[in-house]
Amino acid sequence: MDVPILIDEGWTVAGRHFRSRLVVGTGKYKDFEETAAAIEASGAEMVTVAVRRVNLSDPKAPMLQDYVDPNRYTYLPNTAGCHTAKEAVRTLRLAREAGGWNLVKLEVLGPPPTLYPDMPATFEAAEALIRDGFEVMVYCADDPVAAKRLEEMGCVAIMPLGAPIGSGLGVQNPAMISMMIEQAKVPLLIDAGVGTASDAVIAMEIGCDAVLINSAIAQARDPVRMARAMRHAVEAGRLAHLAGRMPRRMGADPSSPLMGLIR
């Protein structure tokens, strides 16, 4: 009897199709060589780029583009480090002028120490960017009401945090994330908080379309090896989601039948 093989169909955002469900950041590595090696090991096809921290204009200085080919990878400019709607909108308008990018990641952060998404400012910035014709993937709180509002505004992907940025705490509120997945009609990606491979597996098992990871790879003792681990974790979590886990039960259930035992 032939056993059907579960094949991951990939995911699509704003008309762009990706086979890899792992999106990786390009910051915090020791150098561009390590950045490139980790991205290669991750199998990612989309990389985020903090516009405020990347060299877009000085051809004499080292450039990310020399190590991570924009013809091979989809660059996703983001507004990392922006704390107001005006700052985020201006940053992405500059990015579009400099590189022609229209698919962008919006994040507007609250103050330290939590750096939690500032949702009123996020709504304001999203509205302005969508009006300008941007395709906005938006970082947000793990809040189903806020997520639905952003989707209805026209955001092309919803990206709730799993835990505070750079914390490595994993998916802290899987129940709420699951509710957001159930109501979403656009891709939903866990963004922020993943610390190790098991966190990525959990995100994918509950049904996320993809996972965005930066610090967990870049700040690992061996970033290239961790990138490879994250690649396998995302693939395993997606396969487990497609397969459907066994039901949980409070008591034991023997794995071998009790009938026909030799007495």
# chains A, B, ... in the order shown; residues from 1 in each chain; ligands from 1
call {"tool": "closest_atom_pairs", "arguments": {"of": "range 5-62 of chain A", "to": "range 137-156 of chain A", "cutoff": "10 Å", "atoms": "only C-alpha atoms", "output": "JSON lines"}}
result
{"residue": "A:Thr12", "atom": "CA", "partner": "A:Val156", "partner_atom": "CA", "distance": 9.9}
{"residue": "A:Val13", "atom": "CA", "partner": "A:Val156", "partner_atom": "CA", "distance": 6.5}
{"residue": "A:Ala14", "atom": "CA", "partner": "A:Val156", "partner_atom": "CA", "distance": 6.0}
{"residue": "A:Gly15", "atom": "CA", "partner": "A:Val156", "partner_atom": "CA", "distance": 9.6}
call {"tool": "write_last_selection", "arguments": {"atoms": "N, CA and C atoms", "output": "compact mmCIF listing (two decimals), in the first residue's frame"}}
result
# COMPACT_ATOMS: atom_id res chain seq x y z
N THR A 12 2.12 32.14 0.79
CA THR A 12 2.08 33.28 -0.13
C THR A 12 1.70 34.54 0.63
N VAL A 13 2.41 35.62 0.37
CA VAL A 13 2.06 36.92 0.95
C VAL A 13 2.15 37.97 -0.15
N ALA A 14 1.11 38.75 -0.28
CA ALA A 14 1.05 39.84 -1.28
C ALA A 14 1.45 39.34 -2.67
N GLY A 15 0.99 38.14 -3.02
CA GLY A 15 1.24 37.59 -4.34
C GLY A 15 2.61 36.98 -4.53
call {"tool": "residues_around", "arguments": {"residues": "range 159-173 of chain A", "least_positions_apart": "3", "cutoff": "9 Å", "atoms": "only C-alpha atoms", "output": "tab-separated table (two decimals) with C-alpha atoms, in the first residue's frame"}}
result
chain	number	residue	atom	x	y	z
A	114	THR	CA	9.44	45.96	27.33
A	115	LEU	CA	9.66	47.44	23.79
A	116	TYR	CA	6.10	46.15	23.46
A	117	PRO	CA	4.28	47.09	20.23
A	137	MET	CA	3.39	43.14	7.04
A	138	VAL	CA	2.75	44.38	10.56
A	139	TYR	CA	4.31	43.55	13.93
A	140	CYS	CA	1.68	43.68	16.66
A	141	ALA	CA	0.57	42.59	20.10
A	142	ASP	CA	-0.87	39.11	20.63
A	143	ASP	CA	-4.34	40.67	20.54
A	147	ALA	CA	-5.01	41.87	14.58
A	176	MET	CA	-4.27	33.68	22.05
A	177	ILE	CA	-2.03	33.14	19.01
A	178	SER	CA	-4.23	30.17	18.06
A	180	MET	CA	-5.61	34.91	15.96
A	187	PRO	CA	-0.66	34.97	6.68
A	188	LEU	CA	0.22	35.04	10.37
A	189	LEU	CA	3.86	34.86	11.44
A	190	ILE	CA	5.33	34.68	14.92
A	191	ASP	CA	7.74	37.59	15.21
A	192	ALA	CA	9.99	38.09	18.27
A	193	GLY	CA	10.69	35.91	21.26
A	194	VAL	CA	11.86	32.65	19.68
A	195	GLY	CA	14.92	31.43	21.58
A	196	THR	CA	15.64	27.95	20.30
A	198	SER	CA	11.67	23.94	20.11
A	199	ASP	CA	10.06	27.42	20.20
A	200	ALA	CA	9.93	27.48	16.41
A	202	ILE	CA	5.61	25.15	18.76
A	203	ALA	CA	4.85	28.21	16.61
A	211	VAL	CA	8.32	32.31	11.81
A	212	LEU	CA	10.64	35.32	11.81
A	214	ASN	CA	16.89	37.04	14.28
A	215	SER	CA	18.41	37.09	17.78
A	216	ALA	CA	18.00	33.36	18.41
call {"tool": "closest_atom_pairs", "arguments": {"of": "range 18-110 of chain A", "to": "range 122-127 of chain A", "cutoff": "12 Å", "atoms": "only C-alpha atoms", "output": "Markdown table"}}
result
| residue | atom | partner | partner_atom | distance |
| --- | --- | --- | --- | --- |
| A:Thr79 | CA | A:Ala125 | CA | 10.7 |
| A:Cys82 | CA | A:Thr122 | CA | 10.5 |
| A:His83 | CA | A:Thr122 | CA | 9.6 |
| A:Thr84 | CA | A:Thr122 | CA | 8.3 |
| A:Ala85 | CA | A:Ala125 | CA | 4.7 |
| A:Lys86 | CA | A:Ala125 | CA | 6.9 |
| A:Glu87 | CA | A:Ala125 | CA | 8.9 |
| A:Ala88 | CA | A:Ala125 | CA | 6.8 |
| A:Val89 | CA | A:Ala125 | CA | 6.0 |
| A:Arg90 | CA | A:Ala125 | CA | 9.6 |
| A:Thr91 | CA | A:Ala125 | CA | 10.9 |
| A:Leu92 | CA | A:Ala125 | CA | 10.2 |
| A:Arg93 | CA | A:Ala125 | CA | 11.5 |
| A:Val104 | CA | A:Ala126 | CA | 10.7 |
| A:Lys105 | CA | A:Ala126 | CA | 10.0 |
| A:Leu106 | CA | A:Ala126 | CA | 7.3 |
| A:Glu107 | CA | A:Thr122 | CA | 6.8 |
| A:Val108 | CA | A:Thr122 | CA | 5.6 |
| A:Leu109 | CA | A:Thr122 | CA | 8.5 |
| A:Gly110 | CA | A:Thr122 | CA | 10.2 |
call {"tool": "residues_around", "arguments": {"residues": "Gly27 in chain A", "least_positions_apart": "4", "cutoff": "9 Å", "atoms": "only C-alpha atoms", "output": "list of chain:residue names"}}
result
A:Thr35, A:Thr48, A:Val49, A:Ala50, A:Arg53, A:Asn214, A:Ser215, A:Ala218
call {"tool": "write_last_selection", "arguments": {"atoms": "C-alpha atoms", "output": "mmCIF file, in the first residue's frame"}}
result
data_model
loop_
_atom_site.group_PDB
_atom_site.id
_atom_site.type_symbol
_atom_site.label_atom_id
_atom_site.label_comp_id
_atom_site.auth_asym_id
_atom_site.auth_seq_id
_atom_site.Cartn_x
_atom_site.Cartn_y
_atom_site.Cartn_z
ATOM 1 C CA THR A 35 25.348 36.808 8.262
ATOM 2 C CA THR A 48 14.450 41.463 7.075
ATOM 3 C CA VAL A 49 16.604 44.571 6.825
ATOM 4 C CA ALA A 50 16.557 47.349 9.415
ATOM 5 C CA ARG A 53 20.974 50.503 10.251
ATOM 6 C CA ASN A 214 16.890 37.041 14.279
ATOM 7 C CA SER A 215 18.412 37.095 17.778
ATOM 8 C CA ALA A 218 22.615 35.655 15.504
#
call {"tool": "closest_residue", "arguments": {"among": "A:Ala61, A:Ala243, A:Val51, A:Ala37", "to": "Gly99 in chain A", "atoms": "only C-alpha atoms"}}
result
A:Val51
call {"tool": "atom_distance", "arguments": {"atom1": "CA of Asp8 in chain A", "atom2": "CA of Ile206 in chain A"}}
result
15.3 Å
call {"tool": "select_by_dssp", "arguments": {"residues": "range 10-259 of chain A", "states": "alpha helix (DSSP H)", "output": "compact mmCIF listing (two decimals) with N, CA and C atoms, in the first residue's frame"}}
result
# COMPACT_ATOMS: atom_id res chain seq x y z
N PHE A 32 29.43 40.50 8.12
CA PHE A 32 28.59 40.14 6.99
C PHE A 32 28.84 38.70 6.52
N GLU A 33 30.07 38.21 6.70
CA GLU A 33 30.36 36.83 6.30
C GLU A 33 29.53 35.85 7.12
N GLU A 34 29.45 36.09 8.41
CA GLU A 34 28.65 35.22 9.27
C GLU A 34 27.17 35.36 8.94
N THR A 35 26.74 36.58 8.66
CA THR A 35 25.35 36.81 8.26
C THR A 35 24.99 35.95 7.06
N ALA A 36 25.82 36.02 6.04
CA ALA A 36 25.56 35.29 4.80
C ALA A 36 25.55 33.79 5.02
N ALA A 37 26.51 33.29 5.82
CA ALA A 37 26.61 31.85 6.07
C ALA A 37 25.39 31.35 6.83
N ALA A 38 24.91 32.11 7.82
CA ALA A 38 23.75 31.71 8.59
C ALA A 38 22.49 31.70 7.74
N ILE A 39 22.33 32.72 6.91
CA ILE A 39 21.15 32.78 6.03
C ILE A 39 21.15 31.61 5.06
N GLU A 40 22.30 31.30 4.52
CA GLU A 40 22.42 30.15 3.61
C GLU A 40 22.01 28.86 4.32
N ALA A 41 22.48 28.68 5.55
CA ALA A 41 22.16 27.46 6.31
C ALA A 41 20.69 27.39 6.69
N SER A 42 20.05 28.55 6.85
CA SER A 42 18.65 28.58 7.27
C SER A 42 17.69 28.15 6.17
N ALA A 85 4.86 56.80 14.94
CA ALA A 85 4.29 56.51 13.63
C ALA A 85 4.97 57.34 12.55
N LYS A 86 5.22 58.61 12.84
CA LYS A 86 5.85 59.49 11.85
C LYS A 86 7.24 58.99 11.48
N GLU A 87 8.00 58.54 12.46
CA GLU A 87 9.35 58.03 12.22
C GLU A 87 9.31 56.77 11.36
N ALA A 88 8.36 55.87 11.65
CA ALA A 88 8.25 54.62 10.90
C ALA A 88 7.84 54.88 9.45
N VAL A 89 6.88 55.76 9.24
CA VAL A 89 6.42 56.07 7.88
C VAL A 89 7.54 56.71 7.08
N ARG A 90 8.25 57.65 7.68
CA ARG A 90 9.35 58.32 6.98
C ARG A 90 10.44 57.31 6.61
N THR A 91 10.75 56.40 7.51
CA THR A 91 11.79 55.40 7.26
C THR A 91 11.45 54.53 6.06
N LEU A 92 10.21 54.08 5.96
CA LEU A 92 9.83 53.20 4.86
C LEU A 92 9.67 53.96 3.55
N ARG A 93 9.30 55.19 3.61
CA ARG A 93 9.27 56.00 2.38
C ARG A 93 10.68 56.17 1.83
N LEU A 94 11.66 56.40 2.71
CA LEU A 94 13.05 56.50 2.29
C LEU A 94 13.55 55.18 1.71
N ALA A 95 13.13 54.07 2.32
CA ALA A 95 13.54 52.75 1.83
C ALA A 95 13.02 52.52 0.42
N ARG A 96 11.78 52.92 0.16
CA ARG A 96 11.21 52.72 -1.18
C ARG A 96 11.94 53.59 -2.20
N GLU A 97 12.30 54.80 -1.81
CA GLU A 97 13.03 55.68 -2.73
C GLU A 97 14.42 55.12 -3.02
N ALA A 98 15.06 54.54 -2.00
CA ALA A 98 16.43 54.06 -2.15
C ALA A 98 16.51 52.72 -2.87
N GLY A 99 15.58 51.81 -2.54
CA GLY A 99 15.68 50.46 -3.10
C GLY A 99 14.49 49.98 -3.88
N MET A 119 0.45 49.97 19.89
CA MET A 119 -0.61 49.69 18.94
C MET A 119 -1.30 50.95 18.39
N PRO A 120 -1.58 51.98 19.18
CA PRO A 120 -2.15 53.19 18.57
C PRO A 120 -1.25 53.77 17.48
N ALA A 121 0.07 53.82 17.73
CA ALA A 121 1.00 54.32 16.73
C ALA A 121 1.09 53.38 15.54
N THR A 122 0.97 52.08 15.79
CA THR A 122 1.00 51.10 14.70
C THR A 122 -0.19 51.29 13.77
N PHE A 123 -1.38 51.49 14.34
CA PHE A 123 -2.57 51.75 13.52
C PHE A 123 -2.38 53.01 12.67
N GLU A 124 -1.84 54.05 13.27
CA GLU A 124 -1.64 55.31 12.57
C GLU A 124 -0.66 55.14 11.40
N ALA A 125 0.44 54.46 11.66
CA ALA A 125 1.45 54.26 10.62
C ALA A 125 0.94 53.34 9.52
N ALA A 126 0.25 52.27 9.90
CA ALA A 126 -0.28 51.33 8.91
C ALA A 126 -1.25 52.02 7.97
N GLU A 127 -2.10 52.85 8.51
CA GLU A 127 -3.07 53.57 7.69
C GLU A 127 -2.37 54.46 6.67
N ALA A 128 -1.34 55.18 7.11
CA ALA A 128 -0.61 56.07 6.21
C ALA A 128 0.14 55.29 5.13
N LEU A 129 0.76 54.19 5.51
CA LEU A 129 1.54 53.40 4.55
C LEU A 129 0.65 52.73 3.51
N ILE A 130 -0.47 52.19 3.96
CA ILE A 130 -1.40 51.54 3.02
C ILE A 130 -1.97 52.58 2.05
N ARG A 131 -2.23 53.75 2.55
CA ARG A 131 -2.71 54.84 1.68
C ARG A 131 -1.66 55.20 0.64
N PRO A 144 -6.20 39.48 19.40
CA PRO A 144 -7.05 39.17 18.26
C PRO A 144 -7.85 40.36 17.73
N VAL A 145 -8.26 41.25 18.62
CA VAL A 145 -9.04 42.42 18.20
C VAL A 145 -8.17 43.36 17.36
N ALA A 146 -6.97 43.64 17.85
CA ALA A 146 -6.05 44.51 17.12
C ALA A 146 -5.65 43.87 15.79
N ALA A 147 -5.42 42.56 15.81
CA ALA A 147 -5.01 41.87 14.58
C ALA A 147 -6.10 41.95 13.52
N LYS A 148 -7.34 41.74 13.91
CA LYS A 148 -8.44 41.81 12.95
C LYS A 148 -8.58 43.22 12.38
N ARG A 149 -8.40 44.20 13.21
CA ARG A 149 -8.49 45.59 12.72
C ARG A 149 -7.38 45.87 11.70
N LEU A 150 -6.18 45.41 11.96
CA LEU A 150 -5.07 45.62 11.03
C LEU A 150 -5.33 44.91 9.71
N GLU A 151 -5.87 43.70 9.79
CA GLU A 151 -6.19 42.95 8.57
C GLU A 151 -7.25 43.68 7.75
N GLU A 152 -8.28 44.17 8.42
CA GLU A 152 -9.36 44.86 7.73
C GLU A 152 -8.90 46.20 7.13
N MET A 153 -7.86 46.78 7.72
CA MET A 153 -7.29 48.01 7.17
C MET A 153 -6.58 47.75 5.85
N PRO A 174 0.28 30.79 23.57
CA PRO A 174 -0.15 30.02 22.39
C PRO A 174 -1.66 29.99 22.20
N ALA A 175 -2.42 30.08 23.30
CA ALA A 175 -3.88 30.07 23.18
C ALA A 175 -4.37 31.29 22.40
N MET A 176 -3.83 32.46 22.73
CA MET A 176 -4.27 33.68 22.05
C MET A 176 -3.78 33.69 20.61
N ILE A 177 -2.55 33.22 20.38
CA ILE A 177 -2.03 33.14 19.01
C ILE A 177 -2.92 32.21 18.18
N SER A 178 -3.35 31.11 18.77
CA SER A 178 -4.23 30.17 18.06
C SER A 178 -5.54 30.84 17.66
N MET A 179 -6.10 31.66 18.55
CA MET A 179 -7.33 32.39 18.22
C MET A 179 -7.09 33.34 17.05
N MET A 180 -5.94 33.98 17.04
CA MET A 180 -5.61 34.91 15.96
C MET A 180 -5.48 34.16 14.64
N ILE A 181 -4.89 32.97 14.68
CA ILE A 181 -4.74 32.16 13.48
C ILE A 181 -6.11 31.75 12.93
N GLU A 182 -7.01 31.36 13.82
CA GLU A 182 -8.34 30.91 13.40
C GLU A 182 -9.11 31.99 12.66
N GLN A 183 -8.93 33.25 13.04
CA GLN A 183 -9.71 34.33 12.42
C GLN A 183 -8.98 34.99 11.25
N ALA A 197 15.19 26.04 18.89
CA ALA A 197 14.44 25.31 17.87
C ALA A 197 13.07 24.86 18.36
N SER A 198 12.96 24.43 19.61
CA SER A 198 11.67 23.94 20.11
C SER A 198 10.61 25.04 20.10
N ASP A 199 11.02 26.31 20.27
CA ASP A 199 10.06 27.42 20.20
C ASP A 199 9.51 27.56 18.79
N ALA A 200 10.37 27.39 17.80
CA ALA A 200 9.93 27.48 16.41
C ALA A 200 8.97 26.34 16.08
N VAL A 201 9.26 25.15 16.61
CA VAL A 201 8.37 24.01 16.39
C VAL A 201 6.98 24.31 16.93
N ILE A 202 6.90 24.84 18.15
CA ILE A 202 5.61 25.15 18.76
C ILE A 202 4.83 26.16 17.92
N ALA A 203 5.52 27.20 17.44
CA ALA A 203 4.85 28.21 16.61
C ALA A 203 4.24 27.58 15.37
N MET A 204 4.96 26.67 14.76
CA MET A 204 4.47 26.03 13.54
C MET A 204 3.39 25.00 13.85
N GLU A 205 3.52 24.28 14.95
CA GLU A 205 2.53 23.26 15.30
C GLU A 205 1.15 23.87 15.54
N SER A 215 17.50 37.23 16.64
CA SER A 215 18.41 37.09 17.78
C SER A 215 18.75 35.65 18.11
N ALA A 216 17.76 34.76 18.02
CA ALA A 216 18.00 33.36 18.41
C ALA A 216 19.07 32.71 17.54
N ILE A 217 19.21 33.17 16.31
CA ILE A 217 20.27 32.67 15.43
C ILE A 217 21.54 33.48 15.62
N ALA A 218 21.43 34.79 15.49
CA ALA A 218 22.61 35.66 15.50
C ALA A 218 23.36 35.62 16.82
N PRO A 223 26.02 30.51 15.29
CA PRO A 223 24.86 30.97 14.52
C PRO A 223 24.55 30.12 13.30
N VAL A 224 25.55 29.64 12.60
CA VAL A 224 25.30 28.86 11.39
C VAL A 224 24.63 27.54 11.75
N ARG A 225 25.11 26.90 12.80
CA ARG A 225 24.50 25.63 13.22
C ARG A 225 23.09 25.87 13.74
N MET A 226 22.87 26.97 14.47
CA MET A 226 21.53 27.27 14.97
C MET A 226 20.59 27.58 13.81
N ALA A 227 21.08 28.24 12.79
CA ALA A 227 20.25 28.52 11.61
C ALA A 227 19.77 27.23 10.97
N ARG A 228 20.67 26.26 10.91
CA ARG A 228 20.29 24.96 10.34
C ARG A 228 19.25 24.28 11.24
N ALA A 229 19.43 24.39 12.55
CA ALA A 229 18.47 23.81 13.49
C ALA A 229 17.09 24.44 13.33
N MET A 230 17.06 25.76 13.16
CA MET A 230 15.78 26.45 12.99
C MET A 230 15.10 26.03 11.70
N ARG A 231 15.90 25.81 10.67
CA ARG A 231 15.32 25.35 9.40
C ARG A 231 14.59 24.03 9.60
N HIS A 232 15.24 23.08 10.26
CA HIS A 232 14.62 21.77 10.49
C HIS A 232 13.43 21.88 11.45
N ALA A 233 13.53 22.77 12.44
CA ALA A 233 12.45 22.94 13.41
C ALA A 233 11.18 23.45 12.75
N VAL A 234 11.34 24.44 11.87
CA VAL A 234 10.18 24.99 11.17
C VAL A 234 9.55 23.93 10.27
N GLU A 235 10.38 23.16 9.58
CA GLU A 235 9.86 22.10 8.71
C GLU A 235 9.16 21.02 9.53
N ALA A 236 9.76 20.62 10.66
CA ALA A 236 9.14 19.59 11.50
C ALA A 236 7.83 20.06 12.10
N GLY A 237 7.80 21.31 12.57
CA GLY A 237 6.58 21.84 13.16
C GLY A 237 5.45 21.93 12.16
N ARG A 238 5.78 22.31 10.92
CA ARG A 238 4.75 22.39 9.88
C ARG A 238 4.21 21.00 9.54
N LEU A 239 5.11 20.01 9.41
CA LEU A 239 4.68 18.65 9.13
C LEU A 239 3.80 18.11 10.25
N ALA A 240 4.16 18.41 11.49
CA ALA A 240 3.34 17.96 12.62
C ALA A 240 1.96 18.61 12.58
N HIS A 241 1.92 19.88 12.19
CA HIS A 241 0.62 20.57 12.07
C HIS A 241 -0.24 19.92 11.00
N LEU A 242 0.38 19.60 9.86
CA LEU A 242 -0.38 18.96 8.78
C LEU A 242 -0.82 17.55 9.16
N ALA A 243 0.03 16.86 9.92
CA ALA A 243 -0.29 15.48 10.30
C ALA A 243 -1.41 15.42 11.33
